[in-house]
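Have a look at the structure below, then the notes.
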Amino acid sequence: MENYPQLVTLLVFIPLIGFLINVFFGHRLGEFWSGFIGSLAAVLSFGVALLMYTYLVGSGHEAVVVNPPLLDGWITIGSANVVIPWQMRVDTLSVTMMLVVTGVGSLIHIYATGYMHGDPRFSRFFAYLNLFLVFMLILVTGNNFLMMFVGWEGVGLCSFLLIGFWFDKKNGVGWKNSNAARKAMIANRVGDFALLMAIFLIFWTFGTLDYYRPGEIANVPLVQEEHEAALAAEEAALAAGTEETHSEAAPAGGEAAPAEGEAHGEPAVAEPVYYDNEHIETSGLGVFGQAERMLKAGHEVDFGPFTLPIESVLVLITLFMLVGATGKSAQIPLFVWLPDAMAGPTPVSALIHAATMVTAGVYMMVRANVWYYNAELTSLIVTIIGATTAIMAGYIAMGQWDIKRVLAYSTVSQLGFMVAAVGIGAYGAAMFHLVTHAFFKALLFLGSGSVIHGVEHGLHKAHERSQGGHGHDHHDGHGHDSHDEHHELDPQDMRNMGGLARRMPVTFVTYLIGTLALAGIFPLAGFWSKDEILVDSLLRFTEGGTFAEQLGGVIALGLLLAAAGFTAFYMWRQIEMVFFGQPRTEAADHAPESAPSMLIPLVVLAVLSILGGAFNLPKNVLGLDSIFGAHQFTHFLEFSVAKAHAAEFNLLLALVALGIAIGAIFLARSIYGRGKAVTAQNTDPLAERTGMARIWQLSHARLYWDEIYFTLFENPFNRLSKFLADTVDWRFWHDYFHDAVIGRGFNAIGDILSKPIDLGIIDGAVNGVGVVARWSAERLRRVQTGYVRTYAVTLMLGVVLVIVILLLPLLQR
């Protein structure tokens with residue numbers, strides 16, 4: 001078991017092999033083997049994650065830093081003393097994310113084998129899914145911020161590829177899909193720039209990007225407490241005479257020190273076992289350990305022209321990280337990409353935008369819990385952004401018709417719960433809700449895919465009936481071209497559904513479980529995780545030491561309770577529109593149940609949505625803690641999340657939250673139930689109620705966020721781009737500068753060189769030589785008479801001239 005952590009490299013390597021096989025050979029393997037290899041890679045990675053969990057439980061939650069082979073010296077600049085290793089960290093927080101990513105990811109891979117059946121790029125889809133797992137696992141297993149950033153950018157790339165997977169759909173749908181992919185890429189790049197600034201600032205401040213160094217203990221007080229408890233138990237056992245010997249064990253949460261001397265044949269001398277980090281120099285600690293030591297010493301960070309106290313630097317770092325998280329985890333103001341990302345296939349929505357990628361921002365902030373805990377201003381801002389996003393997205397969700405868009409805004413809202421939990425210091429509650437949300441939101445997205453799949457098949461069957469039974473099953477990947485043949489009916493529009501509970505019973509039951517879990521109904525998983533966040537909000541308000549802490553608590557408590565009410569309302573509205581009442585279209589009336597490959601993951605996720613709350617039950621609730629234990633998950637996280645804590649159960653608050661959820665469900669039932677889900681005018685009943693029409697219209701219009709962004713950013717950018725392209729580039733640079741300045745100038749210089757100089761001077765000189773030659777020849781030609789006597793006389797005169805020249809010097813003397 002002690003060698004299990006060395007297998008963590010397989011966690012990334014296995015899906016990478018699956019990606020390479022499907023990329024290079026998938027088109028030859030066919031659907032079955034492409035899907036099998038992609039799914040097997042995900043399942044094997046989940047097996048490795050289980051081994052990592054087994055190791056942690058068996059070793060007292062001892063964290064391990066692993067140096068993968070071939071990547072030991074990733075970035076080394078000797079002259080600048082810069083060393084950034086490619087190291088993988090196995091601790092309770094990273095293993096939690098490993099299990100969520102690979103576990104939910106495996107179910108989604110299996111589901112996709114049925115959902116994507118018939119798609120012409122089936123193997124490419126599974127290659128992209130495996131590549132996404134590779135980068136997501138790099139993100140959560142890295143032991144430094146730069147390695148995390150590699151995964152961070154990688155999942156952004158995979159998101160772009162998967163959201164725009166159907167870029168070739170006809171009738172303009174492909175353009176919408178590709179635009180949605182670009183929107184996701186651009187919005188995330190804004191946040192990523194801020195994250196880069198945070199990374200630069202981290203390196204300048206601490207001289208390293210490592211979270212923790214090998215041998216460093218993340219949560220010293222917890223380890224010391226566990227050690228003292230173990231000593232007390234041992235003393236009690238010795239006093240009772242039940243224990244005779246004792247051997248020192250490695251401290252929980254740290255790393256065991258290797259023994260020395262055995263190689264020389266000498267008795268092994270064990271290195272001392274430490275229960276704190278005091279023996280490590282500040283420069284030998286990771287960024288979080290250094291920050292805590294600097295805070296105690298009142299350290300000033302030197303920026304050359306000026307210095308800043310470490311408290312201010314941490315505020316700057318955490319604010320930059322928050323901007324990065326608002327992009328990846330879809331918070332105000334960078335959330336606008338996530339609803340449009342539903343353009344991708346439904347398994348993409350479930351994998352990337354419910355269970356994994358969008359939680360990366362929450363994971364990053366929980367990993368940096370030491371900084372956020374000591375940055376009070378940032379924590380208040382985080383609380384405000386998270387709580388505001390939760391209620392805003394919940395309000396928008398109740399006015400949407402697209403079944404996946406409702407779930408998309410629900411994801412934004414639930415991410416707001418997690419972010420707000422980070423803001424109030426409830427790091428354990430944030431991760432607990434991340435895990436349970438992965439279960440029931442993946443269930444809901446896959447369930448919506450099953451519904452869409454069924455409606456599309458019902459549409460094809462209805463089309464066959466209208467053609468006298470001579471049609472054919474046109475399904476080629478859940479309606480890859482359904483918009484081309486039947487564009488008049490949108491299979492994702494809930495107005496085209498109804499009555500599907502009878503047609504798709506398994507999908508209905510599992511979807512209902514996911515809905516109740518999301519709404520926070522007792523005793524499903526969502527009840528326990530939401531309640532823990534609300535309790536922490538209340539404690540922050542009542543027991544907070546500063547005004548900012550109390551303000552954050554009251555904001556979180558009030559807005560999150562309201563958001564919980566919206567959640568129950570819009571989810572039951574969806575249940576009424578999709579499953580209850582009579583079918584409103586022939587497609588819904590003929591919708592079949594999905595294949596077993598799609599239903600089995602739904603059932604597994606439904607079971608997890610029911611039992612997931614048992615991971616972290618509070619104390620003294622119906623005696624459940626005596627069966628499952630109390631705060632097990634939070635205690636598990638405490639070994640890597642130094643500031644994690646468990647809040648006690650508050651019966652009154654739980655009843656209030658449960659009452660709000662049940663009341664919202666009954667309200668939604670009274671408005672949309674008994675066949676009133678859609679009015680005769682094919683609109684929402686609220687849109688026709690006096691005093692509610694404007695409220696619903698604002699929700700339906702998504703609070704005009706896209707229009708506001710179009711007015712403030714997109715349209716000015718487009719107009720500037722058009723000005724630069726048409727006016728500056730084409731008219732000025734091409735037409736004027738190229739034609740007028742360069743072209744005409746070249747022609748003018750050419751005219752000068754060709755006429756005055758070439759024709760006048762050069763040709764004149766050459767022609768002048770010819771004229772002189774001709775004139776001379778004309779004169780000399782006359783000498784040639786053709787008479788011998790003339791030549792003889794000329795010869796005689798020449799001889800005489802020569803003799804005279806020769807005798808001239810003698811004559812002069």
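Residues are named by chain letter and number: chains run A, B, ... in the order of the structure tokens, numbers start at 1 in each chain, and ligands are numbered from 1 in the order shown.
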
message: For segment 96-106 of chain A, find every residue with an atom within 6 Å (counting only C-alpha atoms), except residues of its own chain fewer than 6 positions away, and show them as a list in words.
response: Ala42, Val43, Phe46, Ala49 and Thr356 of chain A

task: Would you mind listing what lies within 7 Å of Pro491 of chain A as an MDAnalysis selection string, with only C-alpha atoms counted and same-chain residues fewer than 3 positions away left out?
output: chainID A and resid 452 455:456 496

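As for atom CA of Ala462 of chain A and atom CA of Pro592 of chain A, they are spaced 11.8 Å apart.
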
Closest-contact table, segment 600-704 of chain A side, partner segment 523-538 of chain A, 12 Å, counting only C-alpha atoms, as a tab-separated table:
```
residue	atom	partner	partner_atom	distance
A:Leu605	CA	A:Ala525	CA	11.3
A:Ala606	CA	A:Leu524	CA	9.9
A:Val607	CA	A:Leu524	CA	9.7
A:Leu608	CA	A:Ala525	CA	7.9
A:Ser609	CA	A:Ala525	CA	5.4
A:Ile610	CA	A:Leu524	CA	4.6
A:Leu611	CA	A:Ala525	CA	6.2
A:Gly612	CA	A:Ala525	CA	4.9
A:Gly613	CA	A:Ala525	CA	4.0
A:Ala614	CA	A:Ala525	CA	7.6
A:Phe615	CA	A:Ala525	CA	9.0
A:Asn616	CA	A:Trp528	CA	7.8
A:Leu617	CA	A:Trp528	CA	7.0
A:Pro618	CA	A:Trp528	CA	8.3
A:Lys619	CA	A:Trp528	CA	11.8
A:Val621	CA	A:Trp528	CA	10.9
A:Leu622	CA	A:Pro523	CA	11.1
A:Leu624	CA	A:Pro523	CA	10.9
A:Ala630	CA	A:Trp528	CA	11.9
A:His631	CA	A:Glu532	CA	10.4
A:Phe633	CA	A:Ser529	CA	11.0
A:Thr634	CA	A:Glu532	CA	10.8
A:Ala644	CA	A:Asp536	CA	11.4
A:His645	CA	A:Asp536	CA	9.6
A:Ala646	CA	A:Glu532	CA	8.3
A:Ala647	CA	A:Asp536	CA	6.2
A:Glu648	CA	A:Val535	CA	7.6
A:Phe649	CA	A:Val535	CA	7.2
A:Asn650	CA	A:Val535	CA	6.6
A:Leu651	CA	A:Val535	CA	9.7
A:Leu652	CA	A:Val535	CA	10.1
A:Leu653	CA	A:Val535	CA	7.2
A:Ala654	CA	A:Asp531	CA	6.2
A:Leu655	CA	A:Asp531	CA	9.7
A:Val656	CA	A:Asp531	CA	10.1
A:Ala657	CA	A:Asp531	CA	7.6
A:Leu658	CA	A:Phe527	CA	7.9
A:Gly659	CA	A:Phe527	CA	11.7
A:Ala661	CA	A:Phe527	CA	9.9
A:Ile662	CA	A:Phe527	CA	11.8
```

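Distances to Leu7 of chain A were evaluated for A:Phe522, A:Tyr53, A:Tyr275, A:Phe306 using only C-alpha atoms, and the minimum falls at A:Tyr53.
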
message: To test your reading of the structure, identify every residue in segment 42-289 of chain A that backbone DSSP assigns to strand (DSSP E), and report it as JSON, numbers by chain.
response: {"A": [64, 65, 66, 75, 76, 77, 82, 83, 84, 88, 89, 90]}

Please, could you write that set of residues out with C-alpha atoms as an mmCIF file, in the first residue's frame?
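What landed in again.cif:
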```
data_model
loop_
_atom_site.group_PDB
_atom_site.id
_atom_site.type_symbol
_atom_site.label_atom_id
_atom_site.label_comp_id
_atom_site.auth_asym_id
_atom_site.auth_seq_id
_atom_site.Cartn_x
_atom_site.Cartn_y
_atom_site.Cartn_z
ATOM 1 C CA VAL A 64 2.606 12.419 -0.710
ATOM 2 C CA VAL A 65 4.328 14.401 -3.459
ATOM 3 C CA VAL A 66 5.217 12.242 -6.464
ATOM 4 C CA ILE A 75 11.454 24.039 -15.561
ATOM 5 C CA THR A 76 14.938 24.788 -14.232
ATOM 6 C CA ILE A 77 16.795 28.058 -14.763
ATOM 7 C CA VAL A 82 14.237 29.033 -10.620
ATOM 8 C CA VAL A 83 13.039 25.461 -10.143
ATOM 9 C CA ILE A 84 9.428 24.527 -10.939
ATOM 10 C CA MET A 88 1.748 15.368 -8.482
ATOM 11 C CA ARG A 89 0.190 15.714 -5.041
ATOM 12 C CA VAL A 90 -1.820 12.965 -3.388
#
```

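Neighbouring residues of Ala687 of chain A at 10 Å or closer, counting only C-alpha atoms and skipping chain neighbours under 4 positions away, are Gly399, Thr679, Thr683, Gly691, Met692, Ala693, Arg694, Ile695, Trp696, Gln697 and His700 of chain A.
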
task: Work out how far atom CA of Phe579 of chain A is from atom CA of Gly458 of chain A, in Å to one decimal.
output: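 Distance reported for this atom pair: 14.7 Å.
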
task: Write down as a PyMOL selection string the residues of segment 66-104 of chain A whose backbone DSSP state falls under alpha helix (DSSP H).
output: chain A and resi 92-104

Using all heavy atoms, can you write the selected residues to a file as a PDB file, in the first residue's frame?
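Output file part18.pdb follows:
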```
ATOM      1  N   THR A  92      -5.903  14.637   0.606  1.00  0.00           N
ATOM      2  CA  THR A  92      -7.348  14.397   0.702  1.00  0.00           C
ATOM      3  C   THR A  92      -8.142  15.282  -0.257  1.00  0.00           C
ATOM      4  O   THR A  92      -9.170  14.853  -0.800  1.00  0.00           O
ATOM      5  CB  THR A  92      -7.822  14.619   2.144  1.00  0.00           C
ATOM      6  OG1 THR A  92      -7.466  15.947   2.565  1.00  0.00           O
ATOM      7  CG2 THR A  92      -7.188  13.612   3.081  1.00  0.00           C
ATOM      8  N   LEU A  93      -7.689  16.508  -0.491  1.00  0.00           N
ATOM      9  CA  LEU A  93      -8.412  17.394  -1.412  1.00  0.00           C
ATOM     10  C   LEU A  93      -8.247  16.936  -2.853  1.00  0.00           C
ATOM     11  O   LEU A  93      -9.232  16.866  -3.611  1.00  0.00           O
ATOM     12  CB  LEU A  93      -7.907  18.828  -1.248  1.00  0.00           C
ATOM     13  CG  LEU A  93      -8.576  19.882  -2.147  1.00  0.00           C
ATOM     14  CD1 LEU A  93     -10.076  19.927  -1.924  1.00  0.00           C
ATOM     15  CD2 LEU A  93      -7.960  21.256  -1.914  1.00  0.00           C
ATOM     16  N   SER A  94      -7.019  16.622  -3.257  1.00  0.00           N
ATOM     17  CA  SER A  94      -6.804  16.188  -4.640  1.00  0.00           C
ATOM     18  C   SER A  94      -7.494  14.852  -4.911  1.00  0.00           C
ATOM     19  O   SER A  94      -8.070  14.647  -5.989  1.00  0.00           O
ATOM     20  CB  SER A  94      -5.312  16.078  -4.939  1.00  0.00           C
ATOM     21  OG  SER A  94      -4.705  15.068  -4.172  1.00  0.00           O
ATOM     22  N   VAL A  95      -7.472  13.938  -3.940  1.00  0.00           N
ATOM     23  CA  VAL A  95      -8.126  12.640  -4.147  1.00  0.00           C
ATOM     24  C   VAL A  95      -9.640  12.797  -4.232  1.00  0.00           C
ATOM     25  O   VAL A  95     -10.306  12.090  -4.996  1.00  0.00           O
ATOM     26  CB  VAL A  95      -7.720  11.660  -3.019  1.00  0.00           C
ATOM     27  CG1 VAL A  95      -8.600  10.416  -3.035  1.00  0.00           C
ATOM     28  CG2 VAL A  95      -6.260  11.271  -3.169  1.00  0.00           C
ATOM     29  N   THR A  96     -10.205  13.730  -3.473  1.00  0.00           N
ATOM     30  CA  THR A  96     -11.637  14.007  -3.601  1.00  0.00           C
ATOM     31  C   THR A  96     -11.982  14.393  -5.032  1.00  0.00           C
ATOM     32  O   THR A  96     -12.945  13.881  -5.627  1.00  0.00           O
ATOM     33  CB  THR A  96     -12.057  15.132  -2.643  1.00  0.00           C
ATOM     34  OG1 THR A  96     -11.827  14.714  -1.300  1.00  0.00           O
ATOM     35  CG2 THR A  96     -13.523  15.487  -2.817  1.00  0.00           C
ATOM     36  N   MET A  97     -11.191  15.293  -5.601  1.00  0.00           N
ATOM     37  CA  MET A  97     -11.434  15.714  -6.981  1.00  0.00           C
ATOM     38  C   MET A  97     -11.170  14.583  -7.967  1.00  0.00           C
ATOM     39  O   MET A  97     -11.887  14.430  -8.967  1.00  0.00           O
ATOM     40  CB  MET A  97     -10.575  16.925  -7.314  1.00  0.00           C
ATOM     41  CG  MET A  97     -10.926  18.183  -6.535  1.00  0.00           C
ATOM     42  SD  MET A  97     -12.627  18.744  -6.823  1.00  0.00           S
ATOM     43  CE  MET A  97     -12.594  19.134  -8.560  1.00  0.00           C
ATOM     44  N   MET A  98     -10.139  13.771  -7.695  1.00  0.00           N
ATOM     45  CA  MET A  98      -9.877  12.614  -8.565  1.00  0.00           C
ATOM     46  C   MET A  98     -11.095  11.700  -8.640  1.00  0.00           C
ATOM     47  O   MET A  98     -11.506  11.245  -9.718  1.00  0.00           O
ATOM     48  CB  MET A  98      -8.692  11.814  -8.039  1.00  0.00           C
ATOM     49  CG  MET A  98      -7.350  12.469  -8.107  1.00  0.00           C
ATOM     50  SD  MET A  98      -6.115  11.346  -7.391  1.00  0.00           S
ATOM     51  CE  MET A  98      -4.860  12.508  -6.861  1.00  0.00           C
ATOM     52  N   LEU A  99     -11.677  11.404  -7.478  1.00  0.00           N
ATOM     53  CA  LEU A  99     -12.817  10.492  -7.435  1.00  0.00           C
ATOM     54  C   LEU A  99     -14.023  11.081  -8.158  1.00  0.00           C
ATOM     55  O   LEU A  99     -14.737  10.377  -8.884  1.00  0.00           O
ATOM     56  CB  LEU A  99     -13.170  10.174  -5.979  1.00  0.00           C
ATOM     57  CG  LEU A  99     -12.148   9.323  -5.215  1.00  0.00           C
ATOM     58  CD1 LEU A  99     -12.492   9.281  -3.736  1.00  0.00           C
ATOM     59  CD2 LEU A  99     -12.104   7.903  -5.776  1.00  0.00           C
ATOM     60  N   VAL A 100     -14.266  12.374  -7.972  1.00  0.00           N
ATOM     61  CA  VAL A 100     -15.411  13.009  -8.640  1.00  0.00           C
ATOM     62  C   VAL A 100     -15.207  13.022 -10.144  1.00  0.00           C
ATOM     63  O   VAL A 100     -16.094  12.644 -10.915  1.00  0.00           O
ATOM     64  CB  VAL A 100     -15.613  14.439  -8.104  1.00  0.00           C
ATOM     65  CG1 VAL A 100     -16.650  15.184  -8.943  1.00  0.00           C
ATOM     66  CG2 VAL A 100     -16.057  14.399  -6.652  1.00  0.00           C
ATOM     67  N   VAL A 101     -14.027  13.445 -10.580  1.00  0.00           N
ATOM     68  CA  VAL A 101     -13.765  13.577 -12.017  1.00  0.00           C
ATOM     69  C   VAL A 101     -13.835  12.234 -12.720  1.00  0.00           C
ATOM     70  O   VAL A 101     -14.501  12.085 -13.753  1.00  0.00           O
ATOM     71  CB  VAL A 101     -12.387  14.243 -12.243  1.00  0.00           C
ATOM     72  CG1 VAL A 101     -12.010  14.202 -13.719  1.00  0.00           C
ATOM     73  CG2 VAL A 101     -12.410  15.672 -11.752  1.00  0.00           C
ATOM     74  N   THR A 102     -13.140  11.242 -12.174  1.00  0.00           N
ATOM     75  CA  THR A 102     -13.100   9.937 -12.851  1.00  0.00           C
ATOM     76  C   THR A 102     -14.376   9.132 -12.621  1.00  0.00           C
ATOM     77  O   THR A 102     -14.817   8.407 -13.519  1.00  0.00           O
ATOM     78  CB  THR A 102     -11.890   9.133 -12.371  1.00  0.00           C
ATOM     79  OG1 THR A 102     -11.960   8.965 -10.941  1.00  0.00           O
ATOM     80  CG2 THR A 102     -10.605   9.845 -12.717  1.00  0.00           C
ATOM     81  N   GLY A 103     -14.977   9.241 -11.418  1.00  0.00           N
ATOM     82  CA  GLY A 103     -16.205   8.473 -11.146  1.00  0.00           C
ATOM     83  C   GLY A 103     -17.370   8.950 -11.984  1.00  0.00           C
ATOM     84  O   GLY A 103     -17.984   8.174 -12.733  1.00  0.00           O
ATOM     85  N   VAL A 104     -17.685  10.234 -11.890  1.00  0.00           N
ATOM     86  CA  VAL A 104     -18.770  10.779 -12.702  1.00  0.00           C
ATOM     87  C   VAL A 104     -18.396  10.719 -14.181  1.00  0.00           C
ATOM     88  O   VAL A 104     -19.238  10.433 -15.033  1.00  0.00           O
ATOM     89  CB  VAL A 104     -19.089  12.224 -12.268  1.00  0.00           C
ATOM     90  CG1 VAL A 104     -20.157  12.836 -13.163  1.00  0.00           C
ATOM     91  CG2 VAL A 104     -19.550  12.244 -10.813  1.00  0.00           C
TER      92      VAL A 104
END
```

message: Would you compute the distance between atom CA of His460 of chain A and atom CA of Met494 of chain A? Give it in Å to one decimal.
response: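 Atom CA of Met494 of chain A lies 17.7 Å from atom CA of His460 of chain A.
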
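The list of residues with at least one atom within 7 Å of Leu146 of chain A, based on only C-alpha atoms and without residues fewer than 3 positions apart in the same chain, reads A:Phe149, A:Val150, A:Leu209.
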
Would you write out those residues with C-alpha atoms, as a PDB file, in the first residue's frame?
```pdb
ATOM      1  CA  PHE A 149      -2.533  26.327 -14.958  1.00  0.00           C
ATOM      2  CA  VAL A 150      -1.540  23.784 -17.618  1.00  0.00           C
ATOM      3  CA  LEU A 209       4.786  28.125  -6.882  1.00  0.00           C
TER       4      LEU A 209
END
```

query: For Leu314 of chain A, which residue out of A:Ala360, A:Leu157, A:Leu377, A:Arg367 is the nearest one, using only C-alpha atoms?
result: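 Nearest candidate to Leu314 of chain A out of A:Ala360, A:Leu157, A:Leu377, A:Arg367: A:Leu377.
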
Output as a Markdown table one row per residue of segment 284-360 of chain A within 10 Å of segment 433-451 of chain A: the closest atom pair and its distance in Å to one decimal place, counting only C-alpha atoms, sorted by chain and residue number ascending.
```
| residue | atom | partner | partner_atom | distance |
| --- | --- | --- | --- | --- |
| A:Pro345 | CA | A:Gly449 | CA | 8.4 |
| A:Thr346 | CA | A:Gly449 | CA | 5.5 |
| A:Pro347 | CA | A:Leu446 | CA | 6.6 |
| A:Val348 | CA | A:Phe445 | CA | 9.3 |
| A:Ser349 | CA | A:Phe445 | CA | 6.7 |
| A:Ala350 | CA | A:Ala442 | CA | 4.8 |
| A:Leu351 | CA | A:Ala442 | CA | 7.1 |
| A:Ile352 | CA | A:Ala442 | CA | 9.6 |
| A:His353 | CA | A:Ala442 | CA | 8.8 |
| A:Ala354 | CA | A:Lys441 | CA | 5.8 |
| A:Ala355 | CA | A:Ala438 | CA | 4.3 |
| A:Thr356 | CA | A:Ala438 | CA | 7.6 |
| A:Thr359 | CA | A:Leu434 | CA | 7.1 |
```

Print the selection's residues with C-alpha atoms to a file, as an mmCIF file, in the first residue's frame.
```
data_model
loop_
_atom_site.group_PDB
_atom_site.id
_atom_site.type_symbol
_atom_site.label_atom_id
_atom_site.label_comp_id
_atom_site.auth_asym_id
_atom_site.auth_seq_id
_atom_site.Cartn_x
_atom_site.Cartn_y
_atom_site.Cartn_z
ATOM 1 C CA PRO A 345 -23.777 17.306 -26.916
ATOM 2 C CA THR A 346 -25.528 16.553 -23.629
ATOM 3 C CA PRO A 347 -22.707 14.319 -22.247
ATOM 4 C CA VAL A 348 -20.465 17.365 -22.639
ATOM 5 C CA SER A 349 -22.867 19.431 -20.557
ATOM 6 C CA ALA A 350 -22.878 16.783 -17.857
ATOM 7 C CA LEU A 351 -19.125 16.229 -17.788
ATOM 8 C CA ILE A 352 -17.710 19.700 -18.244
ATOM 9 C CA HIS A 353 -20.437 22.032 -17.085
ATOM 10 C CA ALA A 354 -21.896 20.157 -14.136
ATOM 11 C CA ALA A 355 -19.330 17.922 -12.489
ATOM 12 C CA THR A 356 -15.780 18.915 -13.331
ATOM 13 C CA THR A 359 -15.775 23.411 -10.303
#
```

field: Residue among A:Leu129, A:Leu811, A:Ala325, A:Ile37 lying closest to Phe193 of chain A, counting only C-alpha atoms
entry: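 Closest residue, counting only C-alpha atoms: A:Ala325.
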